[in-house]
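What follows is the content of run-v3.txt, which has compact mmCIF, C-alpha atoms:
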# COMPACT_ATOMS: atom_id res chain seq x y z
CA MET A 1 -15.28 -19.84 16.66
CA SER A 2 -12.83 -22.67 16.11
CA GLY A 3 -14.09 -22.92 12.56
CA THR A 4 -13.22 -19.29 12.03
CA LEU A 5 -9.74 -19.78 13.36
CA GLN A 6 -9.08 -22.74 11.13
CA GLU A 7 -10.33 -20.82 8.14
CA LEU A 8 -7.99 -17.93 8.86
CA GLN A 9 -5.02 -20.22 9.04
CA GLY A 10 -6.08 -22.04 5.93
CA ARG A 11 -6.08 -18.77 4.04
CA LYS A 12 -2.68 -17.68 5.27
CA GLY A 13 -0.93 -19.09 2.25
CA ARG A 14 -3.04 -16.86 0.00
CA THR A 15 -1.21 -13.83 -1.24
CA VAL A 16 -2.45 -10.39 -0.29
CA THR A 17 -1.21 -9.16 -3.65
CA ASP A 18 -2.65 -5.71 -3.37
CA GLN A 19 -0.38 -5.02 -0.45
CA ASP A 20 2.74 -6.93 -1.38
CA ALA A 21 4.63 -3.84 -2.39
CA ARG A 22 3.86 -2.16 0.88
CA ASP A 23 5.00 -4.90 3.25
CA ILE A 24 8.54 -3.56 3.52
CA GLY A 25 7.13 -0.09 3.97
CA ARG A 26 4.96 -1.26 6.84
CA VAL A 27 8.01 -2.67 8.66
CA GLU A 28 9.67 0.72 8.38
CA GLU A 29 6.51 2.42 9.57
CA LEU A 30 6.32 0.05 12.53
CA SER A 31 9.86 0.89 13.58
CA TYR A 32 8.57 4.42 14.13
CA ASP A 33 5.22 3.43 15.64
CA LEU A 34 6.54 0.85 18.08
CA LYS A 35 8.19 2.14 21.21
CA ILE A 36 11.16 0.52 22.95
CA ASN A 37 8.80 -0.16 25.84
CA ASP A 38 6.67 -2.39 23.56
CA VAL A 39 9.44 -4.78 22.57
CA MET A 40 12.12 -4.73 25.31
CA ALA A 41 12.86 -7.54 27.75
CA ARG A 42 11.66 -6.47 31.19
CA GLU A 43 13.20 -9.11 33.40
CA VAL A 44 16.71 -7.81 33.52
CA LYS A 45 19.47 -10.03 34.84
CA TRP A 46 22.19 -7.86 36.27
CA VAL A 47 25.41 -8.07 38.30
CA SER A 48 27.04 -5.74 40.78
CA PRO A 49 30.54 -4.36 40.13
CA ASP A 50 31.97 -6.31 43.09
CA GLN A 51 30.81 -9.71 41.88
CA THR A 52 33.37 -11.89 40.11
CA MET A 53 33.70 -12.76 36.44
CA THR A 54 32.80 -16.34 37.44
CA ASP A 55 29.41 -14.97 38.56
CA VAL A 56 29.07 -13.38 35.13
CA LEU A 57 29.94 -16.67 33.44
CA ASN A 58 27.22 -18.45 35.43
CA LEU A 59 24.66 -15.70 34.86
CA LEU A 60 25.16 -15.65 31.10
CA ARG A 61 25.24 -19.44 30.85
CA LEU A 62 22.18 -20.12 33.01
CA ASN A 63 20.07 -17.44 31.36
CA ARG A 64 21.44 -17.94 27.85
CA ILE A 65 22.13 -14.26 27.41
CA SER A 66 25.12 -12.55 25.84
CA GLY A 67 25.58 -9.69 28.28
CA ALA A 68 24.16 -7.92 31.33
CA PRO A 69 24.05 -4.46 32.88
CA VAL A 70 26.16 -3.73 35.95
CA LYS A 71 24.26 -2.02 38.76
CA ASP A 72 25.62 -0.41 41.91
CA GLY A 73 22.53 -0.14 44.05
CA ASP A 74 20.01 1.55 41.76
CA THR A 75 22.61 3.16 39.54
CA LEU A 76 23.68 1.74 36.20
CA VAL A 77 27.49 1.81 36.20
CA GLY A 78 28.38 -0.32 33.18
CA VAL A 79 27.69 -3.34 31.00
CA ILE A 80 29.46 -6.65 30.86
CA SER A 81 29.41 -8.92 27.80
CA GLN A 82 30.56 -12.30 26.49
CA GLU A 83 33.58 -10.58 24.95
CA ASP A 84 34.60 -9.16 28.33
CA LEU A 85 34.21 -12.63 29.79
CA MET A 86 36.46 -14.10 27.11
CA ARG A 87 39.12 -11.52 27.89
CA ALA A 88 38.98 -12.50 31.57
CA MET A 89 39.18 -16.19 30.64
CA SER A 90 42.22 -15.69 28.44
CA ASP A 91 43.83 -13.62 31.22
CA GLY A 92 43.06 -16.50 33.56
CA THR A 93 41.43 -14.10 36.01
CA LEU A 94 37.88 -15.31 36.39
CA ASP A 95 37.97 -14.37 40.05
CA ALA A 96 38.57 -10.69 39.20
CA PRO A 97 35.77 -8.24 40.03
CA VAL A 98 33.32 -7.25 37.33
CA ARG A 99 34.39 -3.58 37.55
CA GLN A 100 37.80 -4.56 36.10
CA TYR A 101 36.35 -5.85 32.82
CA MET A 102 33.07 -3.98 32.38
CA THR A 103 32.50 -1.21 29.84
CA GLU A 104 31.80 1.93 31.84
CA LYS A 105 30.73 4.24 29.10
CA VAL A 106 27.27 2.89 28.44
CA THR A 107 25.00 3.96 25.63
CA THR A 108 21.42 3.73 26.87
CA ILE A 109 18.05 4.31 25.31
CA LYS A 110 14.82 5.67 26.77
CA SER A 111 11.80 3.40 27.05
CA TYR A 112 9.55 5.94 25.30
CA GLU A 113 11.77 6.32 22.22
CA PRO A 114 10.79 4.66 18.93
CA VAL A 115 12.31 1.34 17.96
CA VAL A 116 14.00 2.99 14.97
CA LYS A 117 16.24 4.85 17.45
CA ALA A 118 17.59 1.54 18.74
CA ILE A 119 18.14 0.32 15.17
CA GLU A 120 20.20 3.45 14.49
CA LEU A 121 22.26 2.98 17.64
CA PHE A 122 22.87 -0.69 16.84
CA SER A 123 24.16 0.10 13.38
CA GLU A 124 26.21 3.14 14.44
CA ASN A 125 27.97 1.64 17.43
CA ARG A 126 27.94 -2.09 16.75
CA HIS A 127 26.28 -2.62 20.12
CA GLY A 128 24.57 -5.96 20.63
CA ARG A 129 22.28 -4.77 23.42
CA LEU A 130 21.19 -1.56 25.03
CA PRO A 131 20.03 -0.90 28.58
CA VAL A 132 16.63 0.81 28.60
CA MET A 133 16.02 3.65 31.08
CA ASP A 134 12.70 5.20 32.05
CA GLU A 135 12.07 8.95 32.26
CA HIS A 136 13.63 9.02 35.76
CA GLY A 137 16.84 7.35 34.59
CA ILE A 138 16.02 4.02 36.23
CA LEU A 139 16.98 0.82 34.41
CA VAL A 140 13.73 -0.85 33.33
CA GLY A 141 14.80 -3.31 30.65
CA MET A 142 17.24 -4.44 27.98
CA ILE A 143 16.81 -4.46 24.25
CA THR A 144 18.58 -6.58 21.60
CA LYS A 145 18.16 -6.90 17.84
CA GLY A 146 16.29 -10.13 18.49
CA ASP A 147 13.75 -8.29 20.66
CA ILE A 148 13.14 -5.83 17.83
CA THR A 149 12.68 -8.53 15.20
CA ARG A 150 10.26 -10.38 17.46
CA GLY A 151 8.34 -7.19 18.28
CA VAL A 152 8.01 -6.14 14.65
CA LEU A 153 6.93 -9.61 13.55
CA MET A 154 4.27 -9.74 16.25
CA ALA A 155 2.95 -6.29 15.28
CA LEU A 156 2.86 -7.31 11.61
CA GLN A 157 0.92 -10.41 12.53
CA ARG A 158 -1.60 -8.32 14.50
CA ASP A 159 -2.02 -6.05 11.45
CA TYR A 160 -2.38 -8.98 9.13
CA GLN A 161 -4.96 -10.68 11.31
CA ALA A 162 -7.04 -7.52 11.63
CA GLU A 163 -7.21 -7.13 7.84
CA GLU A 164 -7.80 -10.86 7.40
CA VAL A 165 -10.75 -10.72 9.82
CA ARG A 166 -12.24 -7.78 7.90
CA ARG A 167 -11.74 -9.57 4.61
CA TYR A 168 -13.04 -12.79 6.06
CA ARG A 169 -16.25 -11.17 7.27
CA ALA A 170 -16.89 -9.43 3.95
CA SER A 171 -15.89 -12.34 1.77
CA HIS A 172 -18.31 -14.70 3.51
CA LEU A 173 -21.26 -12.41 3.04
CA PHE A 174 -22.72 -14.52 0.29
CA GLU A 175 -22.15 -17.71 2.22
CA ASP A 176 -23.66 -16.48 5.45
CA ILE A 177 -26.89 -15.25 3.93
CA THR A 178 -29.27 -17.76 2.41
CA SER A 179 -31.59 -16.79 -0.39
CA ASP A 180 -32.45 -17.96 -3.86
CA ARG A 181 -30.51 -15.09 -5.28
CA THR A 182 -28.38 -12.82 -3.12
CA SER A 183 -26.99 -9.57 -4.43
CA LEU A 184 -25.23 -6.66 -2.88
CA ILE A 185 -26.09 -3.28 -4.36
CA LEU A 186 -23.85 -0.24 -4.06
CA ARG A 187 -25.29 3.10 -5.17
CA TYR A 188 -23.52 6.38 -5.67
CA ASN A 189 -24.92 9.78 -6.65
CA ILE A 190 -22.54 11.44 -9.10
CA LYS A 191 -22.66 15.21 -9.57
CA ALA A 192 -22.21 16.85 -12.95
CA ASP A 193 -18.96 18.79 -13.45
CA ASP A 194 -17.64 17.67 -10.07
CA PHE A 195 -14.12 16.84 -11.21
CA THR A 196 -12.71 17.25 -7.72
CA ASN A 197 -14.60 14.26 -6.39
CA GLY A 198 -14.50 12.37 -9.66
CA GLY A 199 -13.41 8.79 -9.08
CA LYS A 200 -14.33 8.65 -5.40
CA ALA A 201 -17.21 6.28 -6.07
CA SER A 202 -15.04 4.07 -8.26
CA SER A 203 -12.39 4.04 -5.59
CA ASN A 204 -14.93 2.81 -3.04
CA ILE A 205 -16.24 0.19 -5.44
CA LYS A 206 -12.77 -1.17 -6.11
CA ARG A 207 -12.03 -1.36 -2.38
CA ALA A 208 -15.35 -3.09 -1.67
CA LEU A 209 -14.62 -5.72 -4.32
CA LEU A 210 -11.18 -6.45 -2.85
CA ARG A 211 -12.72 -6.82 0.60
CA LEU A 212 -15.33 -9.17 -0.79
CA GLY A 213 -12.51 -11.37 -2.02
CA ALA A 214 -12.20 -10.33 -5.67
CA SER A 215 -8.79 -10.88 -7.27
CA PRO A 216 -6.72 -7.73 -7.89
CA GLN A 217 -7.18 -8.37 -11.62
CA LEU A 218 -10.99 -8.45 -11.36
CA ALA A 219 -11.06 -5.41 -9.06
CA ARG A 220 -8.89 -3.54 -11.55
CA GLN A 221 -11.14 -4.43 -14.50
CA CYS A 222 -14.26 -3.29 -12.65
CA GLY A 223 -12.45 -0.23 -11.32
CA ILE A 224 -11.44 0.96 -14.79
CA ALA A 225 -14.92 0.35 -16.22
CA VAL A 226 -16.80 2.20 -13.46
CA TYR A 227 -14.24 4.99 -13.39
CA GLU A 228 -14.70 5.70 -17.10
CA ALA A 229 -18.48 5.54 -16.61
CA GLU A 230 -18.32 7.83 -13.57
CA ILE A 231 -16.20 10.36 -15.47
CA ASN A 232 -18.71 10.22 -18.34
CA LEU A 233 -21.50 11.23 -15.94
CA ILE A 234 -19.38 14.10 -14.65
CA ILE A 235 -18.45 15.32 -18.12
CA HIS A 236 -21.63 14.77 -20.10
CA SER A 237 -24.73 14.62 -17.89
CA ASP A 238 -26.86 17.71 -17.28
CA ARG A 239 -27.68 17.04 -13.64
CA GLY A 240 -25.39 14.19 -12.70
CA GLY A 241 -26.61 10.64 -12.39
CA ILE A 242 -26.50 7.39 -10.48
CA LEU A 243 -23.74 4.79 -10.51
CA ARG A 244 -25.04 1.44 -9.34
CA VAL A 245 -23.11 -1.76 -8.86
CA GLN A 246 -24.83 -5.05 -8.22
CA ILE A 247 -22.54 -7.76 -6.94
CA GLU A 248 -23.70 -11.34 -7.15
CA PRO A 249 -21.75 -14.52 -6.56
CA HIS A 250 -21.40 -15.23 -10.28
CA ARG A 251 -21.44 -11.79 -11.87
CA ILE A 252 -21.06 -8.08 -11.39
CA LEU A 253 -23.54 -5.68 -12.98
CA MET A 254 -22.53 -2.05 -13.24
CA GLN A 255 -24.83 0.68 -14.46
CA THR A 256 -24.97 4.42 -14.86
CA THR A 257 -28.17 6.35 -15.47
CA ASP A 258 -28.80 10.03 -16.02
CA ASP A 259 -31.70 12.20 -17.18
CA GLY A 260 -30.09 14.06 -19.99
CA PRO A 261 -29.03 15.37 -22.38
CA GLY A 262 -28.89 11.97 -24.09
CA ILE A 263 -26.69 10.95 -27.00
CA PRO A 264 -27.92 11.97 -30.48
CA ASP A 265 -25.73 9.51 -32.39
CA LEU A 266 -24.94 6.30 -30.51
CA LYS A 267 -22.83 4.91 -33.32
CA LYS A 268 -20.53 7.92 -33.25
CA ALA A 269 -20.33 7.84 -29.47
CA LEU A 270 -19.09 4.28 -29.65
CA THR A 271 -16.37 5.12 -32.19
CA PRO A 272 -12.93 5.20 -30.58
CA GLY A 273 -11.47 8.71 -30.72
CA TRP A 274 -14.78 10.52 -31.06
CA SER A 275 -15.62 12.87 -28.20
CA THR A 276 -17.81 15.84 -27.34
CA ALA A 277 -16.03 16.57 -24.06
CA SER A 278 -15.66 20.16 -22.90
CA PRO A 279 -12.32 21.95 -22.97
CA GLU A 280 -12.31 21.69 -19.17
CA ALA A 281 -12.61 17.91 -19.32
CA ARG A 282 -9.88 17.78 -21.96
CA ALA A 283 -7.61 19.85 -19.77
CA MET A 284 -8.02 17.16 -17.11
CA GLY A 285 -6.76 14.55 -19.55
CA PHE A 286 -10.18 13.21 -20.52
CA GLY A 287 -12.14 13.47 -23.71
CA ALA A 288 -9.85 11.28 -25.76
CA GLY A 289 -12.91 9.46 -26.99
CA MET A 290 -11.63 6.21 -25.57
CA GLY A 291 -13.92 5.86 -22.56
CA LEU A 292 -16.56 3.55 -23.98
CA ALA A 293 -13.94 1.58 -25.90
CA ASN A 294 -12.03 1.09 -22.65
CA ILE A 295 -15.15 -0.04 -20.85
CA ARG A 296 -15.97 -2.51 -23.60
CA ARG A 297 -12.53 -4.08 -23.17
CA CYS A 298 -12.98 -4.49 -19.42
CA VAL A 299 -16.42 -6.10 -19.38
CA ASP A 300 -18.08 -9.11 -20.94
CA LYS A 301 -21.22 -7.28 -22.00
CA MET A 302 -21.90 -3.60 -22.56
CA ASP A 303 -25.15 -2.00 -23.56
CA LEU A 304 -25.74 1.68 -24.23
CA GLU A 305 -29.25 3.12 -24.47
CA SER A 306 -29.97 6.76 -24.95
CA VAL A 307 -32.86 9.00 -25.87
CA PRO A 308 -31.97 12.60 -26.70
CA GLY A 309 -33.71 14.90 -24.22
CA LYS A 310 -34.52 11.98 -21.91
CA GLY A 311 -31.28 10.45 -20.72
CA THR A 312 -28.71 7.72 -21.04
CA LYS A 313 -28.34 4.30 -19.50
CA LEU A 314 -25.08 2.38 -19.69
CA MET A 315 -25.05 -1.23 -18.58
CA MET A 316 -21.91 -3.27 -18.03
CA GLU A 317 -21.67 -6.88 -16.97
CA ILE A 318 -18.77 -9.04 -15.95
CA LEU A 319 -19.38 -12.77 -15.66
CA LEU A 320 -17.12 -14.36 -13.11
CA GLY A 321 -15.00 -17.32 -14.09
CA ALA A 322 -15.10 -20.51 -12.05
CA ASP A 323 -12.06 -19.41 -10.07
CA GLU A 324 -13.46 -15.93 -9.50
CA VAL A 325 -16.91 -16.56 -8.08
CA PHE A 326 -17.53 -15.05 -4.68
CA LYS A 327 -17.44 -17.42 -1.75
CA GLY A 328 -20.61 -19.30 -1.01
CA ALA A 329 -21.82 -19.28 -4.58
CA GLY A 330 -21.35 -23.02 -4.76
CA ALA A 331 -24.05 -23.51 -2.14
CA GLU A 332 -26.77 -22.37 -4.51
CA MET B 1 13.51 -1.64 -10.54
CA LYS B 2 13.26 -0.14 -7.07
CA LEU B 3 11.42 3.20 -7.07
CA VAL B 4 14.30 4.78 -5.15
CA LYS B 5 16.59 3.87 -8.09
CA ILE B 6 14.10 5.39 -10.54
CA ILE B 7 14.07 8.62 -8.53
CA ASP B 8 17.86 8.62 -8.71
CA VAL B 9 17.94 8.05 -12.49
CA ILE B 10 15.51 10.89 -13.22
CA GLU B 11 16.99 13.23 -10.59
CA GLY B 12 13.50 13.40 -9.12
CA LYS B 13 12.14 14.91 -5.97
CA VAL B 14 9.42 13.21 -3.95
CA LEU B 15 6.51 15.56 -3.29
CA ASN B 16 4.86 13.49 -0.56
CA PRO B 17 7.76 12.14 1.51
CA ASP B 18 5.33 10.61 4.02
CA VAL B 19 4.76 7.82 1.49
CA LEU B 20 7.47 5.18 1.34
CA CYS B 21 9.37 4.56 -1.90
CA ASP B 22 11.14 1.35 -1.05
CA PHE B 23 9.29 -0.99 -3.40
CA GLU B 24 9.59 -2.53 -6.84
CA ILE B 25 8.27 -0.93 -10.04
CA LYS B 26 7.92 -3.37 -12.91
CA GLY B 27 7.68 -1.01 -15.88
CA GLY B 28 6.87 2.44 -17.17
CA CYS B 29 4.17 4.28 -19.09
CA GLY B 30 4.16 7.84 -20.43
CA ALA B 31 0.82 9.51 -21.24
CA ASP B 32 -1.17 12.72 -20.85
CA LEU B 33 -4.54 11.27 -21.72
CA MET B 34 -6.04 9.44 -18.79
CA SER B 35 -8.04 7.14 -21.03
CA ASP B 36 -4.79 6.12 -22.68
CA VAL B 37 -3.43 5.19 -19.29
CA LEU B 38 -6.56 3.26 -18.39
CA ALA B 39 -6.52 1.50 -21.73
CA SER B 40 -2.90 0.58 -21.97
CA VAL B 41 -0.98 0.50 -18.74
CA ARG B 42 -0.19 -2.79 -17.08
CA ALA B 43 -0.33 -3.14 -13.29
CA ASP B 44 2.61 -2.12 -11.07
CA ALA B 45 4.00 0.54 -13.40
CA VAL B 46 5.26 4.08 -12.89
CA LEU B 47 3.34 6.75 -14.85
CA LEU B 48 5.14 9.70 -16.44
CA THR B 49 2.75 12.54 -17.18
CA GLY B 50 2.35 16.25 -17.71
CA LEU B 51 -1.05 16.38 -16.03
CA CYS B 52 -1.18 17.50 -12.41
CA ASN B 53 -4.83 17.28 -11.30
CA PRO B 54 -6.27 14.82 -8.76
CA GLN B 55 -7.72 12.70 -11.56
CA VAL B 56 -4.20 11.54 -12.36
CA VAL B 57 -4.05 9.98 -8.92
CA ARG B 58 -7.52 8.43 -9.27
CA THR B 59 -6.51 7.02 -12.63
CA ALA B 60 -3.38 5.57 -11.05
CA GLU B 61 -5.45 4.01 -8.29
CA MET B 62 -7.83 2.35 -10.74
CA ALA B 63 -5.08 1.06 -13.01
CA ASP B 64 -2.80 -0.13 -10.18
CA VAL B 65 -0.12 2.40 -11.14
CA ARG B 66 2.26 2.50 -8.16
CA ALA B 67 3.97 5.89 -8.61
CA ILE B 68 3.57 9.08 -10.67
CA VAL B 69 6.32 11.26 -12.16
CA PHE B 70 5.52 14.81 -13.29
CA VAL B 71 7.62 15.95 -16.24
CA ARG B 72 9.45 19.26 -16.77
CA GLY B 73 9.53 20.22 -13.10
CA LYS B 74 5.74 20.44 -12.80
CA THR B 75 4.25 20.36 -9.33
CA PRO B 76 0.64 19.40 -8.79
CA GLN B 77 -1.99 21.22 -6.77
CA ALA B 78 -2.36 20.49 -3.05
CA GLU B 79 -5.45 18.26 -3.48
CA THR B 80 -3.48 15.99 -5.78
CA VAL B 81 -0.71 15.55 -3.23
CA GLU B 82 -3.22 14.98 -0.43
CA LEU B 83 -5.10 12.31 -2.33
CA ALA B 84 -1.86 10.56 -3.32
CA SER B 85 -0.72 10.45 0.29
CA GLU B 86 -4.05 9.00 1.32
CA LEU B 87 -3.71 6.27 -1.29
CA ASN B 88 -0.01 5.64 -0.64
CA ILE B 89 1.07 6.66 -4.14
CA PRO B 90 4.41 8.49 -4.32
CA LEU B 91 4.41 11.66 -6.44
CA ILE B 92 7.73 12.67 -7.97
CA THR B 93 8.72 15.71 -9.97
CA SER B 94 11.65 15.67 -12.39
CA PRO B 95 13.27 18.57 -14.26
CA PHE B 96 13.42 16.61 -17.54
CA GLY B 97 10.88 16.44 -20.35
CA MET B 98 8.79 13.39 -21.21
CA PHE B 99 11.07 12.20 -24.04
CA GLU B 100 14.24 12.36 -21.98
CA LEU B 101 12.58 10.77 -18.95
CA CYS B 102 11.33 7.79 -20.95
CA GLY B 103 14.78 7.49 -22.52
CA ARG B 104 16.63 7.60 -19.22
CA LEU B 105 14.44 4.97 -17.60
CA TYR B 106 14.44 2.70 -20.65
CA LEU B 107 18.24 2.88 -20.85
CA ALA B 108 18.45 2.10 -17.15
CA GLY B 109 16.58 -1.13 -17.88
CA LEU B 110 12.96 -0.27 -17.05
CA PRO B 111 10.70 -1.97 -19.62
CA SER B 112 7.68 -0.38 -21.29
CA PHE B 113 4.44 -1.29 -19.54
CA GLU B 114 2.23 0.21 -22.21
CA ASN B 115 0.16 -2.37 -24.00
CA ASN B 116 -0.32 -1.97 -27.68
CA ILE B 117 -4.02 -1.10 -27.84
CA SER B 118 -4.78 -3.54 -30.65
CA ALA B 119 -3.08 -6.36 -28.78
CA MET B 120 -4.79 -5.34 -25.57
CA ASN B 121 -5.40 -7.88 -22.95
CA LEU B 122 -6.40 -6.01 -19.83
In structure tokens, write the structure found in this file.
Amino acid sequence: MSGTLQELQGRKGRTVTDQDARDIGRVEELSYDLKINDVMAREVKWVSPDQTMTDVLNLLRLNRISGAPVKDGDTLVGVISQEDLMRAMSDGTLDAPVRQYMTEKVTTIKSYEPVVKAIELFSENRHGRLPVMDEHGILVGMITKGDITRGVLMALQRDYQAEEVRRYRASHLFEDITSDRTSLILRYNIKADDFTNGGKASSNIKRALLRLGASPQLARQCGIAVYEAEINLIIHSDRGGILRVQIEPHRILMQTTDDGPGIPDLKKALTPGWSTASPEARAMGFGAGMGLANIRRCVDKMDLESVPGKGTKLMMEILLGADEVFKGAGAE
Amino acid sequence: MKLVKIIDVIEGKVLNPDVLCDFEIKGGCGADLMSDVLASVRADAVLLTGLCNPQVVRTAEMADVRAIVFVRGKTPQAETVELASELNIPLITSPFGMFELCGRLYLAGLPSFENNISAMNL
């Protein structure tokens, strides 16, 4: 277990590029997801209105806080802050009662409200802290900007660790299993003319590769190649076909097979710009005759075999560079 | 350029407001043929297109296109919006045509992220 922990920390410096753009978005999302109750300080230091400003001075100093609520019995009657204390000091009246310097009109927030509500209040009213009330109007905590920052950072870290654990598990697949040659095979049945679901298989393949630890660049290359191949099955095959991806530590083999109609002229099919796609496919933005040319650009090796009346087999292979091999490959 | 700025420049309207737009777009690409997009677009671009079907979103997903703008006030079918929301890809509609949209964004400083096919280096 300790090995796992160390590994996670060791990988922290690695960029999660695929999600970079969404990090800011996640913080915003969290400010809606997180409730005040999740991030507030629960141990509230408070004073009563009859205590003196000297008591406030001691309370703030000893607890290193910048303000406190004022409670009369169970009722919140005001807040007192560093600024109020400074006013009392400059008046030379530290023995005055708290009620003389406290702010009576208190903005409060409910414990079940989202954190974003507190952020809005902070920016609208220039408050530094807000007393938190429960549904019965009882003071249950205090919240400051610092509490929010801490809460959001902790939630982000939880998120990050959960994804890291998932990635870690998947990316060590090849390391954890010993064999002379380990491969992971993903198979998808593709239906003919099913434009609505077209690309779903490719989407899953791309996600699987990222989880396994592929770079965004490699996942993108494979994604484009299998997507073009998947669309080809949808457009051209009689009864659909099979998309198969074989992932090995040093290479990725992708393959589509169908049982017809087959390609009468392979040379033409491989010519950029040449297409036999249906008007429906063209209306979807396909049939530019660039599919196979695109695939060829994305992979290291492409092989197209077809027998008219029998079917077509398209094979694509990407050899992984030294910096791209899946984890554990070195152990072979 | 921040996507929110792009939306401003093209007087666009976000069709799936549940997806956040506060992120950086590095360049732009305008195309109606999905194979053109797959062949030429570089990662982290915005795609301007006249096509509205779900395959546009799938194409964007595969090519790491971060946002899609529909030209001439087009609005896509519900499945397209649903899929985009699922994949966190903002969909935007703008009243302007393709030519003007490209021009506006280019003038605003957004570079072209279309690779020349012959000089392709995916």
Mind working out the centre and edge lengths of an axis-aligned box for region 181-191 of chain A, all listed atoms inside, 3 Å added to each side, rounded to one decimal in Å and written as AutoDock Vina command-line options?
--center_x -26.5 --center_y 0.1 --center_z -6.2 --size_x 14.0 --size_y 36.3 --size_z 12.7
Please identify all polymer residues within 7 Å of region 62-77 of chain B, counting only C-alpha atoms, omitting same-chain residues fewer than 5 positions from it, and present them as a ChimeraX atom specification. /A:220,223-224 /B:38,43-50,52-53,89-98
With only C-alpha atoms considered, list every residue of chain B at most 7 Å from chain A, as JSON, numbers by chain. {"B": [20, 22, 23, 24, 32, 33, 34, 35, 38, 39, 51, 53, 54, 58, 62, 63, 122]}
Kindly extract all protein, DNA and RNA residues lying within 9 Å of the coordinates (-24.7, 3.5, -4.4) given in the file, considering all atoms listed in the file, and supply them as a VMD selection string. chain A and resid 185 to 189 201 242 to 245
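The space separating CA of Pro261 (chain A) from CA of Ser275 (chain A) comes to 14.8 Å.
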Residues near region 141-147 of chain A, anyone? I mean within 9 Å using all atoms listed in the file, not counting same-chain ones fewer than 2 positions away, as a short mmCIF file (atom, residue, chain, number, x, y, z; two decimals) with C-alpha atoms, keeping the file's coordinate frame.
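Resulting contents of out-v7.cif:
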data_model
loop_
_atom_site.label_atom_id
_atom_site.label_comp_id
_atom_site.auth_asym_id
_atom_site.auth_seq_id
_atom_site.Cartn_x
_atom_site.Cartn_y
_atom_site.Cartn_z
CA ILE A 36 11.16 0.52 22.95
CA ASN A 37 8.80 -0.16 25.84
CA VAL A 39 9.44 -4.78 22.57
CA MET A 40 12.12 -4.73 25.31
CA ALA A 41 12.86 -7.54 27.75
CA ARG A 42 11.66 -6.47 31.19
CA GLU A 43 13.20 -9.11 33.40
CA VAL A 44 16.71 -7.81 33.52
CA ALA A 68 24.16 -7.92 31.33
CA PRO A 69 24.05 -4.46 32.88
CA ILE A 109 18.05 4.31 25.31
CA SER A 111 11.80 3.40 27.05
CA ALA A 118 17.59 1.54 18.74
CA ILE A 119 18.14 0.32 15.17
CA PHE A 122 22.87 -0.69 16.84
CA HIS A 127 26.28 -2.62 20.12
CA GLY A 128 24.57 -5.96 20.63
CA ARG A 129 22.28 -4.77 23.42
CA LEU A 130 21.19 -1.56 25.03
CA PRO A 131 20.03 -0.90 28.58
CA VAL A 132 16.63 0.81 28.60
CA MET A 133 16.02 3.65 31.08
CA ASP A 134 12.70 5.20 32.05
CA LEU A 139 16.98 0.82 34.41
CA THR A 149 12.68 -8.53 15.20
CA ARG A 150 10.26 -10.38 17.46
CA GLY A 151 8.34 -7.19 18.28
CA VAL A 152 8.01 -6.14 14.65
#
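The set of protein, DNA and RNA residues with any counted atom at most 10 Å from (-32.7, 13.6, -24.4) (all atoms listed in the file) reads Asp258, Asp259, Gly260, Pro261, Gly262, Ile263, Pro264, Ser306, Val307, Pro308, Gly309, Lys310, Gly311 and Thr312 of chain A.
Checking B:Leu101, B:Phe113, B:Leu3, B:Arg42 one by one against Val19 (chain B), counting all atoms listed in the file, you find the shortest gap at B:Leu3.
Taking CA of Ala192 (chain A) and CA of Val41 (chain B) as the two end points, the separation is 27.4 Å.
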Which distance in Å separates CA of Glu86 (chain B) and CA of Thr256 (chain A), to one decimal? 26.8 Å
Compile the contact shell of Asp300 (chain A) as JSON, numbers by chain: residues with an atom at most 8 Å away, counting only C-alpha atoms, same-chain residues fewer than 4 positions apart removed. {"A": [296, 316, 317, 318, 319]}
